[in-house]
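Next comes query08.txt, a file with compact mmCIF, N, CA and C atoms.
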# COMPACT_ATOMS: atom_id res chain seq x y z
N MET A 265 -26.89 5.16 13.59
CA MET A 265 -25.88 5.38 14.58
C MET A 265 -25.36 6.82 14.52
N LEU A 266 -25.10 7.30 13.31
CA LEU A 266 -24.59 8.65 13.17
C LEU A 266 -25.61 9.72 13.53
N ASN A 267 -26.86 9.49 13.21
CA ASN A 267 -27.86 10.53 13.43
C ASN A 267 -28.10 10.81 14.92
N LYS A 268 -27.58 9.97 15.81
CA LYS A 268 -27.73 10.21 17.24
C LYS A 268 -26.48 10.84 17.86
N ASP A 269 -25.49 11.12 17.04
CA ASP A 269 -24.25 11.69 17.53
C ASP A 269 -24.44 13.20 17.77
N HIS A 270 -24.14 13.67 18.97
CA HIS A 270 -24.35 15.08 19.33
C HIS A 270 -23.42 16.03 18.56
N ARG A 271 -22.36 15.50 17.93
CA ARG A 271 -21.42 16.35 17.18
C ARG A 271 -21.85 16.58 15.74
N LEU A 272 -22.84 15.87 15.28
CA LEU A 272 -23.27 15.95 13.89
C LEU A 272 -23.66 17.37 13.45
N PRO A 273 -24.43 18.14 14.21
CA PRO A 273 -24.79 19.49 13.76
C PRO A 273 -23.57 20.38 13.51
N SER A 274 -22.53 20.22 14.29
CA SER A 274 -21.33 21.05 14.09
C SER A 274 -20.62 20.69 12.78
N LEU A 275 -20.81 19.48 12.29
CA LEU A 275 -20.19 19.08 11.02
C LEU A 275 -20.93 19.62 9.81
N ALA A 276 -22.17 19.98 9.97
CA ALA A 276 -23.00 20.45 8.86
C ALA A 276 -22.44 21.71 8.22
N SER A 277 -21.69 22.50 8.95
CA SER A 277 -21.15 23.74 8.40
C SER A 277 -19.87 23.53 7.59
N LEU A 278 -19.29 22.35 7.62
CA LEU A 278 -18.07 22.09 6.87
C LEU A 278 -18.35 21.99 5.38
N ARG A 279 -17.42 22.53 4.59
CA ARG A 279 -17.54 22.43 3.14
C ARG A 279 -16.88 21.12 2.70
N VAL A 280 -17.64 20.24 2.14
CA VAL A 280 -17.11 18.96 1.67
C VAL A 280 -16.74 19.09 0.21
N GLN A 281 -15.49 18.72 -0.11
CA GLN A 281 -15.05 18.78 -1.50
C GLN A 281 -15.14 17.41 -2.17
N THR A 282 -14.85 16.37 -1.43
CA THR A 282 -14.97 15.02 -1.97
C THR A 282 -15.43 14.09 -0.86
N VAL A 283 -16.07 13.04 -1.27
CA VAL A 283 -16.52 12.03 -0.32
C VAL A 283 -16.17 10.68 -0.91
N GLY A 284 -15.73 9.77 -0.08
CA GLY A 284 -15.47 8.42 -0.55
C GLY A 284 -14.01 8.04 -0.41
N LEU A 285 -13.71 6.86 -0.85
CA LEU A 285 -12.38 6.28 -0.77
C LEU A 285 -11.69 6.45 -2.11
N PRO A 286 -10.55 7.14 -2.15
CA PRO A 286 -9.86 7.28 -3.44
C PRO A 286 -9.26 5.94 -3.87
N LEU A 287 -9.57 5.52 -5.08
CA LEU A 287 -9.05 4.27 -5.60
C LEU A 287 -7.92 4.49 -6.59
N LEU A 288 -7.98 5.59 -7.33
CA LEU A 288 -6.97 5.91 -8.34
C LEU A 288 -6.59 7.37 -8.24
N ARG A 289 -5.36 7.67 -8.61
CA ARG A 289 -4.90 9.06 -8.72
C ARG A 289 -4.36 9.26 -10.13
N ARG A 290 -4.67 10.43 -10.69
CA ARG A 290 -4.15 10.74 -12.02
C ARG A 290 -2.73 11.27 -11.86
N ILE A 291 -1.79 10.60 -12.50
CA ILE A 291 -0.39 11.01 -12.52
C ILE A 291 -0.05 11.23 -13.99
N LYS A 292 -0.01 12.49 -14.38
CA LYS A 292 0.16 12.87 -15.78
C LYS A 292 -0.90 12.17 -16.62
N ALA A 293 -0.50 11.31 -17.56
CA ALA A 293 -1.47 10.66 -18.44
C ALA A 293 -1.86 9.27 -17.93
N HIS A 294 -1.40 8.90 -16.73
CA HIS A 294 -1.63 7.54 -16.22
C HIS A 294 -2.50 7.58 -14.96
N LEU A 295 -3.09 6.44 -14.65
CA LEU A 295 -3.85 6.28 -13.41
C LEU A 295 -3.05 5.36 -12.49
N LYS A 296 -2.81 5.83 -11.27
CA LYS A 296 -2.06 5.07 -10.28
C LYS A 296 -3.03 4.58 -9.22
N PRO A 297 -3.04 3.26 -8.95
CA PRO A 297 -3.90 2.78 -7.86
C PRO A 297 -3.37 3.25 -6.51
N THR A 298 -4.26 3.59 -5.61
CA THR A 298 -3.82 3.99 -4.27
C THR A 298 -3.47 2.74 -3.47
N SER A 299 -2.63 2.91 -2.46
CA SER A 299 -2.25 1.78 -1.61
C SER A 299 -3.47 1.19 -0.92
N VAL A 300 -4.39 2.04 -0.50
CA VAL A 300 -5.61 1.56 0.16
C VAL A 300 -6.43 0.71 -0.81
N ALA A 301 -6.55 1.13 -2.06
CA ALA A 301 -7.30 0.36 -3.04
C ALA A 301 -6.66 -1.01 -3.25
N LEU A 302 -5.32 -1.04 -3.32
CA LEU A 302 -4.64 -2.31 -3.51
C LEU A 302 -4.80 -3.21 -2.29
N GLN A 303 -4.77 -2.62 -1.11
CA GLN A 303 -4.95 -3.43 0.10
C GLN A 303 -6.35 -4.03 0.15
N LEU A 304 -7.34 -3.30 -0.37
CA LEU A 304 -8.72 -3.80 -0.37
C LEU A 304 -9.00 -4.79 -1.50
N PHE A 305 -8.48 -4.49 -2.70
CA PHE A 305 -8.86 -5.26 -3.88
C PHE A 305 -7.70 -6.01 -4.54
N GLY A 306 -6.49 -5.80 -4.07
CA GLY A 306 -5.31 -6.40 -4.70
C GLY A 306 -5.27 -7.91 -4.66
N SER A 307 -5.98 -8.51 -3.74
CA SER A 307 -5.99 -9.97 -3.66
C SER A 307 -6.62 -10.61 -4.90
N HIS A 308 -7.33 -9.81 -5.69
CA HIS A 308 -7.96 -10.31 -6.91
C HIS A 308 -7.02 -10.23 -8.11
N ALA A 309 -5.86 -9.62 -7.94
CA ALA A 309 -4.90 -9.49 -9.03
C ALA A 309 -4.20 -10.82 -9.28
N SER A 310 -3.83 -11.04 -10.52
CA SER A 310 -3.13 -12.27 -10.86
C SER A 310 -1.77 -12.01 -11.52
N LYS A 311 -1.44 -10.74 -11.78
CA LYS A 311 -0.14 -10.42 -12.36
C LYS A 311 0.32 -9.06 -11.86
N ASN A 312 1.58 -8.74 -12.18
CA ASN A 312 2.20 -7.49 -11.74
C ASN A 312 2.21 -7.37 -10.21
N ILE A 313 2.60 -8.47 -9.58
CA ILE A 313 2.74 -8.55 -8.13
C ILE A 313 4.21 -8.80 -7.82
N VAL A 314 4.79 -7.98 -6.97
CA VAL A 314 6.18 -8.14 -6.57
C VAL A 314 6.21 -8.52 -5.10
N SER A 315 6.77 -9.69 -4.82
CA SER A 315 6.87 -10.16 -3.44
C SER A 315 8.28 -9.86 -2.92
N LEU A 316 8.34 -9.11 -1.83
CA LEU A 316 9.62 -8.72 -1.24
C LEU A 316 9.78 -9.30 0.15
N GLU A 317 11.01 -9.62 0.52
CA GLU A 317 11.32 -9.97 1.90
C GLU A 317 11.24 -8.68 2.72
N PRO A 318 10.98 -8.76 4.03
CA PRO A 318 10.89 -7.55 4.84
C PRO A 318 12.13 -6.65 4.73
N GLU A 319 13.31 -7.25 4.59
CA GLU A 319 14.53 -6.45 4.46
C GLU A 319 14.51 -5.64 3.16
N GLN A 320 14.05 -6.27 2.07
CA GLN A 320 13.94 -5.56 0.80
C GLN A 320 12.91 -4.44 0.88
N LEU A 321 11.79 -4.73 1.55
CA LEU A 321 10.76 -3.72 1.73
C LEU A 321 11.30 -2.54 2.53
N GLY A 322 12.08 -2.83 3.56
CA GLY A 322 12.71 -1.77 4.35
C GLY A 322 13.61 -0.90 3.50
N ASP A 323 14.39 -1.54 2.62
CA ASP A 323 15.26 -0.79 1.71
C ASP A 323 14.43 0.08 0.77
N LEU A 324 13.35 -0.48 0.24
CA LEU A 324 12.49 0.29 -0.67
C LEU A 324 11.85 1.47 0.04
N ALA A 325 11.38 1.26 1.25
CA ALA A 325 10.74 2.34 2.00
C ALA A 325 11.76 3.42 2.37
N GLU A 326 12.96 3.01 2.73
CA GLU A 326 13.98 3.96 3.17
C GLU A 326 14.62 4.71 2.01
N ARG A 327 15.00 3.98 0.97
CA ARG A 327 15.74 4.60 -0.14
C ARG A 327 14.83 5.05 -1.28
N LYS A 328 13.56 4.66 -1.24
CA LYS A 328 12.56 5.01 -2.26
C LYS A 328 12.76 4.28 -3.58
N GLU A 329 13.81 3.47 -3.68
CA GLU A 329 14.05 2.72 -4.91
C GLU A 329 14.98 1.56 -4.61
N ILE A 330 14.70 0.41 -5.23
CA ILE A 330 15.65 -0.69 -5.18
C ILE A 330 15.87 -1.19 -6.61
N ARG A 331 17.00 -1.78 -6.83
CA ARG A 331 17.34 -2.31 -8.15
C ARG A 331 17.20 -3.82 -8.15
N GLY A 332 16.85 -4.34 -9.31
CA GLY A 332 16.71 -5.78 -9.46
C GLY A 332 15.75 -6.10 -10.58
N GLU A 333 15.69 -7.38 -10.91
CA GLU A 333 14.75 -7.83 -11.93
C GLU A 333 13.56 -8.48 -11.23
N PHE A 334 12.39 -8.12 -11.64
CA PHE A 334 11.16 -8.64 -11.05
C PHE A 334 10.28 -9.18 -12.18
N ALA A 335 9.56 -10.25 -11.91
CA ALA A 335 8.74 -10.92 -12.92
C ALA A 335 7.41 -10.19 -13.10
N CYS A 336 7.48 -9.03 -13.74
CA CYS A 336 6.26 -8.27 -14.00
C CYS A 336 6.50 -7.32 -15.17
N SER A 337 5.43 -6.72 -15.64
CA SER A 337 5.52 -5.78 -16.75
C SER A 337 5.82 -4.38 -16.21
N PRO A 338 6.48 -3.54 -16.99
CA PRO A 338 6.71 -2.17 -16.55
C PRO A 338 5.39 -1.46 -16.26
N GLY A 339 5.39 -0.67 -15.20
CA GLY A 339 4.19 0.06 -14.79
C GLY A 339 3.97 -0.09 -13.30
N TYR A 340 2.79 0.23 -12.85
CA TYR A 340 2.46 0.13 -11.43
C TYR A 340 2.25 -1.33 -11.04
N VAL A 341 2.82 -1.71 -9.90
CA VAL A 341 2.75 -3.09 -9.43
C VAL A 341 2.30 -3.12 -7.98
N ILE A 342 1.82 -4.27 -7.56
CA ILE A 342 1.42 -4.50 -6.18
C ILE A 342 2.62 -5.04 -5.43
N VAL A 343 2.94 -4.44 -4.29
CA VAL A 343 4.05 -4.90 -3.45
C VAL A 343 3.48 -5.70 -2.29
N VAL A 344 4.03 -6.91 -2.13
CA VAL A 344 3.58 -7.84 -1.10
C VAL A 344 4.78 -8.26 -0.27
N THR A 345 4.59 -8.40 1.04
CA THR A 345 5.60 -9.02 1.90
C THR A 345 4.88 -9.92 2.90
N ASN A 346 5.42 -11.09 3.11
CA ASN A 346 4.82 -12.06 4.05
C ASN A 346 3.34 -12.28 3.76
N SER A 347 2.99 -12.33 2.49
CA SER A 347 1.60 -12.54 2.05
C SER A 347 0.67 -11.39 2.41
N VAL A 348 1.22 -10.23 2.75
CA VAL A 348 0.43 -9.05 3.09
C VAL A 348 0.65 -8.01 1.99
N ILE A 349 -0.46 -7.50 1.43
CA ILE A 349 -0.35 -6.45 0.42
C ILE A 349 0.02 -5.16 1.13
N VAL A 350 1.15 -4.60 0.71
CA VAL A 350 1.65 -3.38 1.34
C VAL A 350 1.18 -2.15 0.59
N GLY A 351 1.29 -2.17 -0.73
CA GLY A 351 0.89 -1.00 -1.50
C GLY A 351 1.39 -1.06 -2.92
N CYS A 352 1.68 0.12 -3.46
CA CYS A 352 1.99 0.30 -4.87
C CYS A 352 3.44 0.73 -5.06
N ALA A 353 4.04 0.25 -6.15
CA ALA A 353 5.36 0.72 -6.57
C ALA A 353 5.33 0.83 -8.08
N LEU A 354 6.27 1.57 -8.61
CA LEU A 354 6.41 1.71 -10.05
C LEU A 354 7.59 0.86 -10.49
N PHE A 355 7.32 -0.10 -11.39
CA PHE A 355 8.39 -0.95 -11.90
C PHE A 355 8.82 -0.43 -13.26
N LEU A 356 10.10 -0.12 -13.36
CA LEU A 356 10.74 0.19 -14.63
C LEU A 356 11.84 -0.86 -14.77
N PRO A 357 12.20 -1.26 -15.99
CA PRO A 357 13.19 -2.33 -16.11
C PRO A 357 14.42 -2.09 -15.22
N GLY A 358 14.63 -3.05 -14.30
CA GLY A 358 15.78 -2.98 -13.40
C GLY A 358 15.58 -2.13 -12.16
N ARG A 359 14.43 -1.48 -12.02
CA ARG A 359 14.20 -0.57 -10.87
C ARG A 359 12.79 -0.72 -10.34
N LEU A 360 12.67 -0.68 -9.01
CA LEU A 360 11.37 -0.65 -8.35
C LEU A 360 11.34 0.63 -7.52
N ILE A 361 10.39 1.51 -7.81
CA ILE A 361 10.33 2.83 -7.19
C ILE A 361 9.11 2.90 -6.28
N SER A 362 9.33 3.22 -5.03
CA SER A 362 8.26 3.29 -4.04
C SER A 362 7.22 4.33 -4.41
N GLN A 363 5.97 3.96 -4.23
CA GLN A 363 4.85 4.88 -4.37
C GLN A 363 4.03 4.89 -3.08
N PHE A 364 4.67 4.44 -1.98
CA PHE A 364 3.98 4.35 -0.70
C PHE A 364 3.73 5.74 -0.13
N PRO A 365 2.61 5.92 0.56
CA PRO A 365 2.38 7.20 1.26
C PRO A 365 3.47 7.42 2.31
N ARG A 366 3.83 8.66 2.54
CA ARG A 366 4.90 8.99 3.50
C ARG A 366 4.64 8.43 4.89
N HIS A 367 3.39 8.41 5.29
CA HIS A 367 3.04 8.00 6.65
C HIS A 367 2.92 6.49 6.83
N MET A 368 3.15 5.72 5.78
CA MET A 368 2.84 4.30 5.83
C MET A 368 3.70 3.50 6.81
N PHE A 369 4.96 3.80 6.93
CA PHE A 369 5.85 2.94 7.71
C PHE A 369 6.15 3.54 9.08
N THR A 370 5.52 2.95 10.08
CA THR A 370 5.75 3.32 11.47
C THR A 370 6.27 2.09 12.19
N ASP A 371 6.66 2.24 13.44
CA ASP A 371 7.09 1.08 14.23
C ASP A 371 5.98 0.03 14.28
N GLN A 372 4.74 0.48 14.42
CA GLN A 372 3.62 -0.45 14.49
C GLN A 372 3.46 -1.23 13.18
N THR A 373 3.65 -0.57 12.04
CA THR A 373 3.55 -1.23 10.75
C THR A 373 4.56 -2.36 10.65
N TRP A 374 5.80 -2.06 11.01
CA TRP A 374 6.86 -3.08 10.94
C TRP A 374 6.54 -4.24 11.88
N ASN A 375 6.07 -3.94 13.09
CA ASN A 375 5.71 -5.00 14.03
C ASN A 375 4.61 -5.89 13.45
N ASP A 376 3.60 -5.27 12.84
CA ASP A 376 2.51 -6.04 12.25
C ASP A 376 3.01 -6.94 11.12
N LEU A 377 3.90 -6.42 10.27
CA LEU A 377 4.43 -7.22 9.17
C LEU A 377 5.26 -8.39 9.69
N LEU A 378 6.07 -8.15 10.70
CA LEU A 378 6.89 -9.22 11.26
C LEU A 378 6.01 -10.26 11.94
N GLN A 379 4.95 -9.82 12.61
CA GLN A 379 4.04 -10.76 13.26
C GLN A 379 3.31 -11.60 12.22
N SER A 380 3.00 -11.03 11.07
CA SER A 380 2.32 -11.81 10.03
C SER A 380 3.25 -12.91 9.53
N LYS A 381 4.56 -12.65 9.49
CA LYS A 381 5.51 -13.68 9.07
C LYS A 381 5.58 -14.78 10.13
N GLU A 382 5.56 -14.40 11.41
CA GLU A 382 5.59 -15.40 12.48
C GLU A 382 4.34 -16.26 12.45
N LYS A 383 3.19 -15.65 12.19
CA LYS A 383 1.94 -16.41 12.10
C LYS A 383 2.01 -17.41 10.95
N GLU A 384 2.57 -16.95 9.81
CA GLU A 384 2.70 -17.79 8.64
C GLU A 384 3.54 -19.03 8.94
N LYS A 385 4.60 -18.86 9.74
CA LYS A 385 5.48 -19.96 10.10
C LYS A 385 4.97 -20.74 11.29
N GLY A 386 3.92 -20.24 11.93
CA GLY A 386 3.38 -20.90 13.11
C GLY A 386 4.19 -20.64 14.36
N LEU A 387 4.96 -19.55 14.36
CA LEU A 387 5.78 -19.20 15.51
C LEU A 387 4.97 -18.39 16.52
N PRO A 388 5.27 -18.53 17.79
CA PRO A 388 4.58 -17.68 18.79
C PRO A 388 5.06 -16.24 18.67
N ARG A 389 4.23 -15.31 19.10
CA ARG A 389 4.60 -13.88 19.06
C ARG A 389 5.50 -13.51 20.17

Show how you would write the structure in this file as structure tokens.
Amino acid sequence: MLNKDHRLPSLASLRVQTVGLPLLRRIKAHLKPTSVALQLFGSHASKNIVSLEPEQLGDLAERKEIRGEFACSPGYVIVVTNSVIVGCALFLPGRLISQFPRHMFTDQTWNDLLQSKEKEKGLPR
């Protein structure tokens, strides 16, 4: 499919530094999973999952941190709302710190998350 694209020759002059989907980022001495990696593979996790109500997720996205106790170990955790994996946060005792990409929350994202809750309850859109 790609080899028939008329734009392909113009791409040949670009300098490629990396290719592929980033799964982890090095943060000092630790490896942080990317939100995309968690969205793709997070369903296989069995621990360090924090389930938030949409209102809590909104607070986390807006304030970059929420306080509370969560049933997980300190470190990077998977954030879920309405059974949808949203991304990564850093859990420190009593604090959940957003690690979401800046561009993650748009009006469309919120609409999609709310619709997933309606589907879960069997409500019409």

Subject >> A:Ile330 surroundings by all atoms listed in the file, 7 Å radius, close-in-sequence under 2 positions cut, as a VMD selection string >> reply: chain A and resid 323 to 324 327 to 328 332 358 to 362

**OP:** Quick one: everything within 8 Å of stretch 294-300 of chain A, counting all atoms listed in the file, minus sequence neighbours fewer than 2 positions away in the same chain. Send it as a PyMOL selection string.
**Re:** chain A and resi 285-292+302-306+340-341+349-353+363-365

**OP:** Determine which residues of chain A DSSP labels as alpha helix (DSSP H) from the backbone of this structure, then write them out as a count of residues only.
**Re:** 36

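Across the model, the gap from atom C of A:Leu272 to atom CA of A:Gly284 is 18.5 Å.
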
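Atom CA of A:Arg331 lies 11.8 Å from atom CA of A:Leu354.
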
Given 4 Å on each side, where is the centre and what are the edge lengths in Å to one decimal of the axis-aligned box enclosing the listed atoms of stretch 291-310 of chain A, as AutoDock Vina command-line options?
--center_x -4.4 --center_y 0.3 --center_z -9.1 --size_x 17.2 --size_y 33.1 --size_z 26.6

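Across the model, the gap from atom N of A:Lys311 to atom N of A:Ala325 is 21.9 Å.
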
**OP:** Pick out each residue of chain A that DSSP on the backbone tags as strand (DSSP E); I need them as a PyMOL selection string.
**Re:** chain A and resi 288-291+294-297+313-315+329-331+339-345+348-356+359-362

So that I have them on file, write out the residues from the current selection with N, CA and C atoms, as a CSV table (one decimal), keeping the file's coordinate frame.
chain,number,residue,atom,x,y,z
A,288,LEU,N,-8.0,5.6,-7.3
A,288,LEU,CA,-7.0,5.9,-8.3
A,288,LEU,C,-6.6,7.4,-8.2
A,289,ARG,N,-5.4,7.7,-8.6
A,289,ARG,CA,-4.9,9.1,-8.7
A,289,ARG,C,-4.4,9.3,-10.1
A,290,ARG,N,-4.7,10.4,-10.7
A,290,ARG,CA,-4.2,10.7,-12.0
A,290,ARG,C,-2.7,11.3,-11.9
A,291,ILE,N,-1.8,10.6,-12.5
A,291,ILE,CA,-0.4,11.0,-12.5
A,291,ILE,C,0.0,11.2,-14.0
A,294,HIS,N,-1.4,8.9,-16.7
A,294,HIS,CA,-1.6,7.5,-16.2
A,294,HIS,C,-2.5,7.6,-15.0
A,295,LEU,N,-3.1,6.4,-14.6
A,295,LEU,CA,-3.8,6.3,-13.4
A,295,LEU,C,-3.0,5.4,-12.5
A,296,LYS,N,-2.8,5.8,-11.3
A,296,LYS,CA,-2.1,5.1,-10.3
A,296,LYS,C,-3.0,4.6,-9.2
A,297,PRO,N,-3.0,3.3,-9.0
A,297,PRO,CA,-3.9,2.8,-7.9
A,297,PRO,C,-3.4,3.2,-6.5
A,313,ILE,N,2.6,-8.5,-9.6
A,313,ILE,CA,2.7,-8.6,-8.1
A,313,ILE,C,4.2,-8.8,-7.8
A,314,VAL,N,4.8,-8.0,-7.0
A,314,VAL,CA,6.2,-8.1,-6.6
A,314,VAL,C,6.2,-8.5,-5.1
A,315,SER,N,6.8,-9.7,-4.8
A,315,SER,CA,6.9,-10.2,-3.4
A,315,SER,C,8.3,-9.9,-2.9
A,329,GLU,N,13.8,3.5,-3.7
A,329,GLU,CA,14.0,2.7,-4.9
A,329,GLU,C,15.0,1.6,-4.6
A,330,ILE,N,14.7,0.4,-5.2
A,330,ILE,CA,15.6,-0.7,-5.2
A,330,ILE,C,15.9,-1.2,-6.6
A,331,ARG,N,17.0,-1.8,-6.8
A,331,ARG,CA,17.3,-2.3,-8.2
A,331,ARG,C,17.2,-3.8,-8.2
A,339,GLY,N,5.4,-0.7,-15.2
A,339,GLY,CA,4.2,0.1,-14.8
A,339,GLY,C,4.0,-0.1,-13.3
A,340,TYR,N,2.8,0.2,-12.8
A,340,TYR,CA,2.5,0.1,-11.4
A,340,TYR,C,2.2,-1.3,-11.0
A,341,VAL,N,2.8,-1.7,-9.9
A,341,VAL,CA,2.8,-3.1,-9.4
A,341,VAL,C,2.3,-3.1,-8.0
A,342,ILE,N,1.8,-4.3,-7.6
A,342,ILE,CA,1.4,-4.5,-6.2
A,342,ILE,C,2.6,-5.0,-5.4
A,343,VAL,N,2.9,-4.4,-4.3
A,343,VAL,CA,4.0,-4.9,-3.4
A,343,VAL,C,3.5,-5.7,-2.3
A,344,VAL,N,4.0,-6.9,-2.1
A,344,VAL,CA,3.6,-7.8,-1.1
A,344,VAL,C,4.8,-8.3,-0.3
A,345,THR,N,4.6,-8.4,1.0
A,345,THR,CA,5.6,-9.0,1.9
A,345,THR,C,4.9,-9.9,2.9
A,348,VAL,N,1.2,-10.2,2.8
A,348,VAL,CA,0.4,-9.0,3.1
A,348,VAL,C,0.6,-8.0,2.0
A,349,ILE,N,-0.5,-7.5,1.4
A,349,ILE,CA,-0.4,-6.4,0.4
A,349,ILE,C,0.0,-5.2,1.1
A,350,VAL,N,1.2,-4.6,0.7
A,350,VAL,CA,1.6,-3.4,1.3
A,350,VAL,C,1.2,-2.2,0.6
A,351,GLY,N,1.3,-2.2,-0.7
A,351,GLY,CA,0.9,-1.0,-1.5
A,351,GLY,C,1.4,-1.1,-2.9
A,352,CYS,N,1.7,0.1,-3.5
A,352,CYS,CA,2.0,0.3,-4.9
A,352,CYS,C,3.4,0.7,-5.1
A,353,ALA,N,4.0,0.2,-6.2
A,353,ALA,CA,5.4,0.7,-6.6
A,353,ALA,C,5.3,0.8,-8.1
A,354,LEU,N,6.3,1.6,-8.6
A,354,LEU,CA,6.4,1.7,-10.0
A,354,LEU,C,7.6,0.9,-10.5
A,355,PHE,N,7.3,-0.1,-11.4
A,355,PHE,CA,8.4,-1.0,-11.9
A,355,PHE,C,8.8,-0.4,-13.3
A,356,LEU,N,10.1,-0.1,-13.4
A,356,LEU,CA,10.7,0.2,-14.6
A,356,LEU,C,11.8,-0.9,-14.8
A,359,ARG,N,14.4,-1.5,-12.0
A,359,ARG,CA,14.2,-0.6,-10.9
A,359,ARG,C,12.8,-0.7,-10.3
A,360,LEU,N,12.7,-0.7,-9.0
A,360,LEU,CA,11.4,-0.6,-8.4
A,360,LEU,C,11.3,0.6,-7.5
A,361,ILE,N,10.4,1.5,-7.8
A,361,ILE,CA,10.3,2.8,-7.2
A,361,ILE,C,9.1,2.9,-6.3
A,362,SER,N,9.3,3.2,-5.0
A,362,SER,CA,8.3,3.3,-4.0
A,362,SER,C,7.2,4.3,-4.4
